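What follows is one structure encoded as C-alpha cells, with my remarks underneath.
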Amino acid sequence: MALFSYRAITMEGAAAEGLTEASDEKNVIEKLRAMGLLPLSIEVPREGLKRRIRLTSSKGQLLLFTTELSALLTAGLPLDRGLIILSEASDDDDMKGTTMSIVRSLREGRAFSEALREHPRVFPRFYVNMIRAGEAAGVLDAILGKLKEFLESSRDLRESIVSATIYPVMLLGTGGVAITILLTFVLPKFSVIFADMGKSLPTTTQMLLALSGTLRAYWWAVLSAAILVWAAASRYIKTDRGRHGWDALKLRVLGSMIRKLETARFSRTLGTLLGGGVPLTEAINNARDVIGNQAIAAALSEASQAVREGKGIGITLAGTNALPSLAVSMIRVGEETGQLEAMLLQIATLYEGSLKGAVKRFVSLLEPALIVFMGLVIGFIVISMLSAIFSITDLPV
C-alpha cells in the first residue's frame with residue numbers, strides 16, 4: 001500500500017484535498033468516487049518544501065490547471081463551471097485571478113482559446129493553438145489530456161537536469177565562499193605578522209597579500225565592476241545578435257547535450273501539436289518557439305519556409321543540420337509511413353533518455369574536477385602562507 005495525496009471536488013462543487021492509502025491510482029479513484037468526490041489530481045506526495053516550490057512556479061501551476069480541467073471536462077462538467085470550480089479550489093491568487101478572467105471572457109462570447117491568448121505569460125502560444133484545434137474538432141477534453149502528458153514530460157526532464165546540477169553548483173558556491181573568506185579575513189591577520197618582512201617574503205605570499213589588500217581596500221570597485229560587466233553582458237545577450245552569438249558559443253562547447261535537449265523539445269512539441277490537429281506549417285512554427293537555442297531555431301525557420309513551399313519536413317531538416325542525423329532519419333520514416341506524430345514522440349522519448357544519461361556523465365566528470373580545482377586553489381593559499389611562516393627563521397635579525 002502506498003500513500004497518495006489527492007485534490008477533488010464534492011458533488012456541490014466544493015474543493016477537497018487530503019491523503020489516502022491505496023495500492024495504485026485506480027484504487028484511489030474508486031475510493032474517492034465511493035466517498036462522493038470527483039478526483040482532480042492524484043500523486044504520491046513529495047517533500048513539503050520541494051512540492052510547494054514546484055506548485056508555486058508558473059509551469060507547475062499550468063500543469064495543475066491542465067490536469068484538473070481535463071478531469072472536470074472528462075467527468076462531463078461544462079467548461080465555464082469547471083473553470084469556476086478551479087478558481088475556487090486554487091491556492092494561488094494569481095492563477096485564481098487568471099481563471100476568473102477567462103470565465104468573464106467566455107461569458108462575453110469569446111472562444112476559450114481567445115480567452116487564453118490574453119494571458120501569454122501563463123499560456124504559451126503552442127498551448128493556445130492546441131486548445132484552438134481541440135475546440136474546432138470538438139475534442140477539448142482529449143486535447144487537454146495530450147497537453148497534460150506533454151507538460152508532465154517536460155517537467156520530468158527539467159527536474160532531472162536541475163537535480164543533477166544542484167551538487168556542482170553548491171560545490172562551486174561553497175568553494176568560492178571559502179576562498180573569499182581566506183583572502184579577506186584570514187590573510188589580513190597574517191599580514192600584520194609579515195608587515196616588517198618586506199621583500200624577504202616568498203613571491204607567492206607577496207602576491208596573495210597584495211590581492212588580499214586590494215580586495216579589502218577596493219571591494220566596492222571590484223563588486224561594482226562585476227555588476228557592470230554582468231549587466232552589460234546580460235543586456236547584450238538579450239539582443240538578437242548577442243543571443244545568437246551566445247547560443248552559437250554554447251552549441252560549440254556543449255554541442256551534443258544542447259542538440260539532444262532541443263531535439264527532445266522540438267519533437268515532443270511538434271508531435272503533440274500534430275496529434276492535436278494543428279496544421280503542419282503552423283505546428284512547426286509553434287515548435288520552433290520552444291527552442292531555447294537561437295542558432296538551432298534559425299535553422300528550423302528555413303525548414304518552416306520549405307515546408308510551406310510543399311517540401312517534406314524530413315528532407316528539409318536534413319539540409320539544415322539543426323537536428324541529429326538519427327532524428328532526421330526517423331522523421332523521414334515517419335513521413336513515409338504516415339506515422340509522423342508517433343515517430344516524433346518516440347524521438348522525444350529517445351533523446352530525453354539520452355540527455356539524462358549525458359547530463360549524469362557530464363556531472364560525474366565535473367564534480368571531481370571542481371573538487372580538484374578548489375583543492376588546488378585553497379592548497380596554494382595555505383602553502384604560500386606556511387612557506388612564509390617557515391621562512392621567518394631564515395630572516396636576518
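For the C-alpha cells, the naming scheme is as follows: chains receive sequential letters (A, B, ...) according to their order of presentation, residues are indexed from 1 within each chain, and ligands are indexed from 1 in presentation order.
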(message) Please extract the residues of range 91-278 of chain A with a backbone DSSP assignment of alpha helix (DSSP H) and present them as a PyMOL selection string.
(response) chain A and resi 93-107+112-117+125-137+140-181+187-193+203-217+219-238+240-253+255-275
(message) At a cut-off of 9 Å, using only C-alpha atoms, what residues contact range 129-135 of chain A? Leave out same-chain residues fewer than 6 positions from it and give the result as a ChimeraX atom specification.
(response) /A:111-114,116,141-144,147,272-274,276-278,282-283,286
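Compared by their closest atoms to Ile347 in chain A, and using only C-alpha atoms, the residues A:Arg117, A:Arg288, A:Arg268, A:Arg308 rank with A:Arg268 nearest.
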Give me, as JSON lines, the closest atom pair and its distance (Å, one decimal) for every residue of range 264-284 of chain A within a cut-off of 10 Å of range 153-158 of chain A, counting only C-alpha atoms, rows sorted by chain and rising number.
{"residue": "A:Ala264", "atom": "CA", "partner": "A:Ser154", "partner_atom": "CA", "distance": 9.3}
{"residue": "A:Arg265", "atom": "CA", "partner": "A:Ser154", "partner_atom": "CA", "distance": 7.9}
{"residue": "A:Arg268", "atom": "CA", "partner": "A:Ser153", "partner_atom": "CA", "distance": 8.8}
{"residue": "A:Thr269", "atom": "CA", "partner": "A:Ser154", "partner_atom": "CA", "distance": 9.7}
(message) I want to know what sits within 12 Å of Met385 in chain A, based on only C-alpha atoms, with residues of the same chain fewer than 5 positions away left out; could you give that as a ChimeraX atom specification?
(response) /A:182-183,186-191,193-194,201-209,378-380,390-392
(message) So that I can check the secondary structure, give me every residue of range 19-251 of chain A assigned strand (DSSP E) by backbone DSSP, as a PyMOL selection string.
(response) chain A and resi 19-22+37-43
Next, the residues of the selection above should be written as an mmCIF file, in the first residue's frame with N, CA and C atoms.
data_model
loop_
_atom_site.group_PDB
_atom_site.id
_atom_site.type_symbol
_atom_site.label_atom_id
_atom_site.label_comp_id
_atom_site.auth_asym_id
_atom_site.auth_seq_id
_atom_site.Cartn_x
_atom_site.Cartn_y
_atom_site.Cartn_z
ATOM 1 N N LEU A 19 -5.025 12.946 2.103
ATOM 2 C CA LEU A 19 -4.157 11.799 1.879
ATOM 3 C C LEU A 19 -4.959 10.523 2.056
ATOM 4 N N THR A 20 -4.594 9.474 1.315
ATOM 5 C CA THR A 20 -5.256 8.179 1.453
ATOM 6 C C THR A 20 -4.291 7.082 1.041
ATOM 7 N N GLU A 21 -4.434 5.920 1.643
ATOM 8 C CA GLU A 21 -3.607 4.766 1.294
ATOM 9 C C GLU A 21 -4.332 3.908 0.267
ATOM 10 N N ALA A 22 -3.597 3.461 -0.730
ATOM 11 C CA ALA A 22 -4.184 2.625 -1.773
ATOM 12 C C ALA A 22 -3.066 1.879 -2.491
ATOM 13 N N LEU A 37 -16.730 11.977 -4.188
ATOM 14 C CA LEU A 37 -15.793 13.009 -4.620
ATOM 15 C C LEU A 37 -15.392 12.778 -6.066
ATOM 16 N N LEU A 38 -15.195 13.847 -6.796
ATOM 17 C CA LEU A 38 -14.716 13.781 -8.176
ATOM 18 C C LEU A 38 -13.234 14.136 -8.175
ATOM 19 N N PRO A 39 -12.332 13.182 -8.449
ATOM 20 C CA PRO A 39 -10.892 13.451 -8.372
ATOM 21 C C PRO A 39 -10.420 14.405 -9.453
ATOM 22 N N LEU A 40 -9.574 15.351 -9.042
ATOM 23 C CA LEU A 40 -8.948 16.278 -9.985
ATOM 24 C C LEU A 40 -7.516 15.870 -10.281
ATOM 25 N N SER A 41 -6.754 15.595 -9.231
ATOM 26 C CA SER A 41 -5.365 15.170 -9.414
ATOM 27 C C SER A 41 -4.981 14.238 -8.281
ATOM 28 N N ILE A 42 -4.132 13.254 -8.615
ATOM 29 C CA ILE A 42 -3.663 12.266 -7.645
ATOM 30 C C ILE A 42 -2.164 12.108 -7.849
ATOM 31 N N GLU A 43 -1.406 12.106 -6.762
ATOM 32 C CA GLU A 43 0.032 11.931 -6.877
ATOM 33 C C GLU A 43 0.592 11.428 -5.564
#
(message) Could you check the closest approach to Pro368 in chain A for each of A:Leu140, A:Ala248, A:Leu172, A:Ser354 and tell me which residue wins, using only C-alpha atoms?
(response) A:Leu172
Taking 6 positions as the minimum chain separation for residues in the same chain, which residues sit within 12 Å of range 252-261 of chain A when counting only C-alpha atoms? Answer as a compact mmCIF listing (two decimals) with C-alpha atoms, in the first residue's frame.
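Here's the written file result_11.txt:
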# COMPACT_ATOMS: atom_id res chain seq x y z
CA SER A 154 8.71 18.50 -19.86
CA LEU A 157 13.06 16.30 -17.95
CA ARG A 158 13.59 19.72 -16.38
CA ILE A 161 18.54 18.15 -15.20
CA GLY A 245 26.28 34.56 -30.65
CA TRP A 246 25.87 33.27 -27.09
CA SER A 267 9.98 16.62 -31.35
CA ARG A 268 7.65 16.38 -28.36
CA VAL A 290 10.01 26.37 -27.66
CA ILE A 291 13.60 26.01 -28.90
CA GLY A 292 15.87 27.82 -26.44
CA ASN A 293 18.94 27.91 -28.69
CA GLN A 294 18.50 30.61 -31.34
CA ALA A 295 21.18 29.11 -33.59
CA ILE A 296 19.07 25.95 -33.94
CA ALA A 297 15.80 27.92 -34.11
CA ASN A 321 21.96 20.30 -39.88
CA ALA A 322 19.81 21.55 -36.97
CA LEU A 323 18.90 18.13 -35.58
CA PRO A 324 20.97 14.93 -35.24
CA SER A 325 21.01 12.68 -38.30
CA LEU A 326 19.25 9.85 -36.44
CA ALA A 327 16.33 12.11 -35.53
CA ILE A 347 12.22 10.62 -30.94
CA ALA A 348 11.42 12.83 -27.95
CA THR A 349 11.44 9.87 -25.56
CA LEU A 350 14.68 8.57 -27.06
CA TYR A 351 16.55 11.86 -26.78
CA GLU A 352 15.15 12.70 -23.33
CA GLY A 353 16.61 9.44 -22.04
CA SER A 354 19.87 10.05 -23.89
CA LEU A 355 20.07 13.59 -22.49
CA LYS A 356 19.58 12.40 -18.91
CA GLY A 357 22.44 9.94 -19.37
CA ALA A 358 24.66 12.60 -20.94
CA VAL A 359 23.97 15.04 -18.09
CA LYS A 360 24.82 12.39 -15.50
CA ARG A 361 28.08 11.57 -17.26
CA PHE A 362 28.98 15.25 -17.55
(request) Skip range 80-86 of chain A itself and residues of its chain fewer than 5 positions away, then list as a PyMOL selection string all residues within 12 Å of it, counting only C-alpha atoms. (result) chain A and resi 7-16+38+40-41+61-62+64-75+91-93+95-112+115+141
Can you write out the residues you just picked, keeping C-alpha atoms, as a PDB file, in the first residue's frame?
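The file below, again-v7.pdb, is the result:
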ATOM      1  CA  ARG A   7      -7.360  17.066  -4.891  1.00  0.00           C
ATOM      2  CA  ALA A   8     -11.063  16.614  -5.590  1.00  0.00           C
ATOM      3  CA  ILE A   9     -14.427  18.330  -5.549  1.00  0.00           C
ATOM      4  CA  THR A  10     -17.707  17.344  -3.945  1.00  0.00           C
ATOM      5  CA  MET A  11     -20.966  16.993  -5.838  1.00  0.00           C
ATOM      6  CA  GLU A  12     -21.807  20.520  -4.677  1.00  0.00           C
ATOM      7  CA  GLY A  13     -18.605  21.888  -6.239  1.00  0.00           C
ATOM      8  CA  ALA A  14     -16.617  22.415  -3.008  1.00  0.00           C
ATOM      9  CA  ALA A  15     -12.880  21.728  -3.047  1.00  0.00           C
ATOM     10  CA  ALA A  16     -11.410  18.852  -1.039  1.00  0.00           C
ATOM     11  CA  LEU A  38     -14.716  13.781  -8.176  1.00  0.00           C
ATOM     12  CA  LEU A  40      -8.948  16.278  -9.985  1.00  0.00           C
ATOM     13  CA  SER A  41      -5.365  15.170  -9.414  1.00  0.00           C
ATOM     14  CA  GLN A  61       0.507  25.965 -11.958  1.00  0.00           C
ATOM     15  CA  LEU A  62      -0.069  25.442 -15.688  1.00  0.00           C
ATOM     16  CA  LEU A  64      -2.047  21.677 -12.287  1.00  0.00           C
ATOM     17  CA  PHE A  65      -4.602  23.791 -14.189  1.00  0.00           C
ATOM     18  CA  THR A  66      -4.451  21.480 -17.222  1.00  0.00           C
ATOM     19  CA  THR A  67      -4.685  18.290 -15.167  1.00  0.00           C
ATOM     20  CA  GLU A  68      -7.659  19.422 -13.126  1.00  0.00           C
ATOM     21  CA  LEU A  69      -9.565  20.984 -16.034  1.00  0.00           C
ATOM     22  CA  SER A  70      -9.061  17.804 -18.075  1.00  0.00           C
ATOM     23  CA  ALA A  71     -10.507  15.742 -15.207  1.00  0.00           C
ATOM     24  CA  LEU A  72     -13.524  18.024 -14.878  1.00  0.00           C
ATOM     25  CA  LEU A  73     -14.337  18.066 -18.602  1.00  0.00           C
ATOM     26  CA  THR A  74     -13.883  14.295 -18.838  1.00  0.00           C
ATOM     27  CA  ALA A  75     -16.394  13.963 -15.996  1.00  0.00           C
ATOM     28  CA  ASP A  91      -4.347  28.213  -3.668  1.00  0.00           C
ATOM     29  CA  ASP A  92      -2.524  30.647  -5.947  1.00  0.00           C
ATOM     30  CA  ASP A  93      -4.016  34.157  -6.068  1.00  0.00           C
ATOM     31  CA  MET A  95      -3.915  31.746 -11.031  1.00  0.00           C
ATOM     32  CA  LYS A  96      -7.263  32.348  -9.338  1.00  0.00           C
ATOM     33  CA  GLY A  97      -7.473  35.809 -10.929  1.00  0.00           C
ATOM     34  CA  THR A  98      -6.391  34.483 -14.326  1.00  0.00           C
ATOM     35  CA  THR A  99      -9.025  31.751 -14.230  1.00  0.00           C
ATOM     36  CA  MET A 100     -11.814  34.172 -13.342  1.00  0.00           C
ATOM     37  CA  SER A 101     -10.671  36.491 -16.145  1.00  0.00           C
ATOM     38  CA  ILE A 102     -11.038  33.570 -18.561  1.00  0.00           C
ATOM     39  CA  VAL A 103     -14.531  32.878 -17.222  1.00  0.00           C
ATOM     40  CA  ARG A 104     -15.529  36.503 -17.818  1.00  0.00           C
ATOM     41  CA  SER A 105     -14.215  36.307 -21.398  1.00  0.00           C
ATOM     42  CA  LEU A 106     -16.234  33.139 -22.013  1.00  0.00           C
ATOM     43  CA  ARG A 107     -19.397  34.814 -20.739  1.00  0.00           C
ATOM     44  CA  GLU A 108     -18.735  37.693 -23.140  1.00  0.00           C
ATOM     45  CA  GLY A 109     -18.950  35.218 -26.000  1.00  0.00           C
ATOM     46  CA  ARG A 110     -15.253  34.673 -26.722  1.00  0.00           C
ATOM     47  CA  ALA A 111     -13.777  31.284 -27.514  1.00  0.00           C
ATOM     48  CA  PHE A 112     -11.710  29.518 -24.868  1.00  0.00           C
ATOM     49  CA  ALA A 115      -9.503  33.945 -23.650  1.00  0.00           C
ATOM     50  CA  ASP A 141     -11.008  17.159 -23.158  1.00  0.00           C
TER      51      ASP A 141
END
(message) I'd like the contact shell of Ala303 in chain A - 8 Å cut-off, only C-alpha atoms, skipping same-chain residues fewer than 2 positions apart - returned as a VMD selection string.
(response) chain A and resid 299 to 301 305 to 307 313 316 to 317 320
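Taking CA of Ala342 in chain A and CA of Lys59 in chain A as the two end points, the separation is 25.0 Å.
Nearest to Ser90 in chain A of all the residues A:Leu249, A:Tyr218, A:Glu17, A:Thr281 is A:Glu17, based on only C-alpha atoms.
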(message) With distances taken over only C-alpha atoms, which residue among A:Ile381, A:Val372, A:Ala233, A:Leu386 lies nearest Ile181 in chain A?
(response) A:Ile381
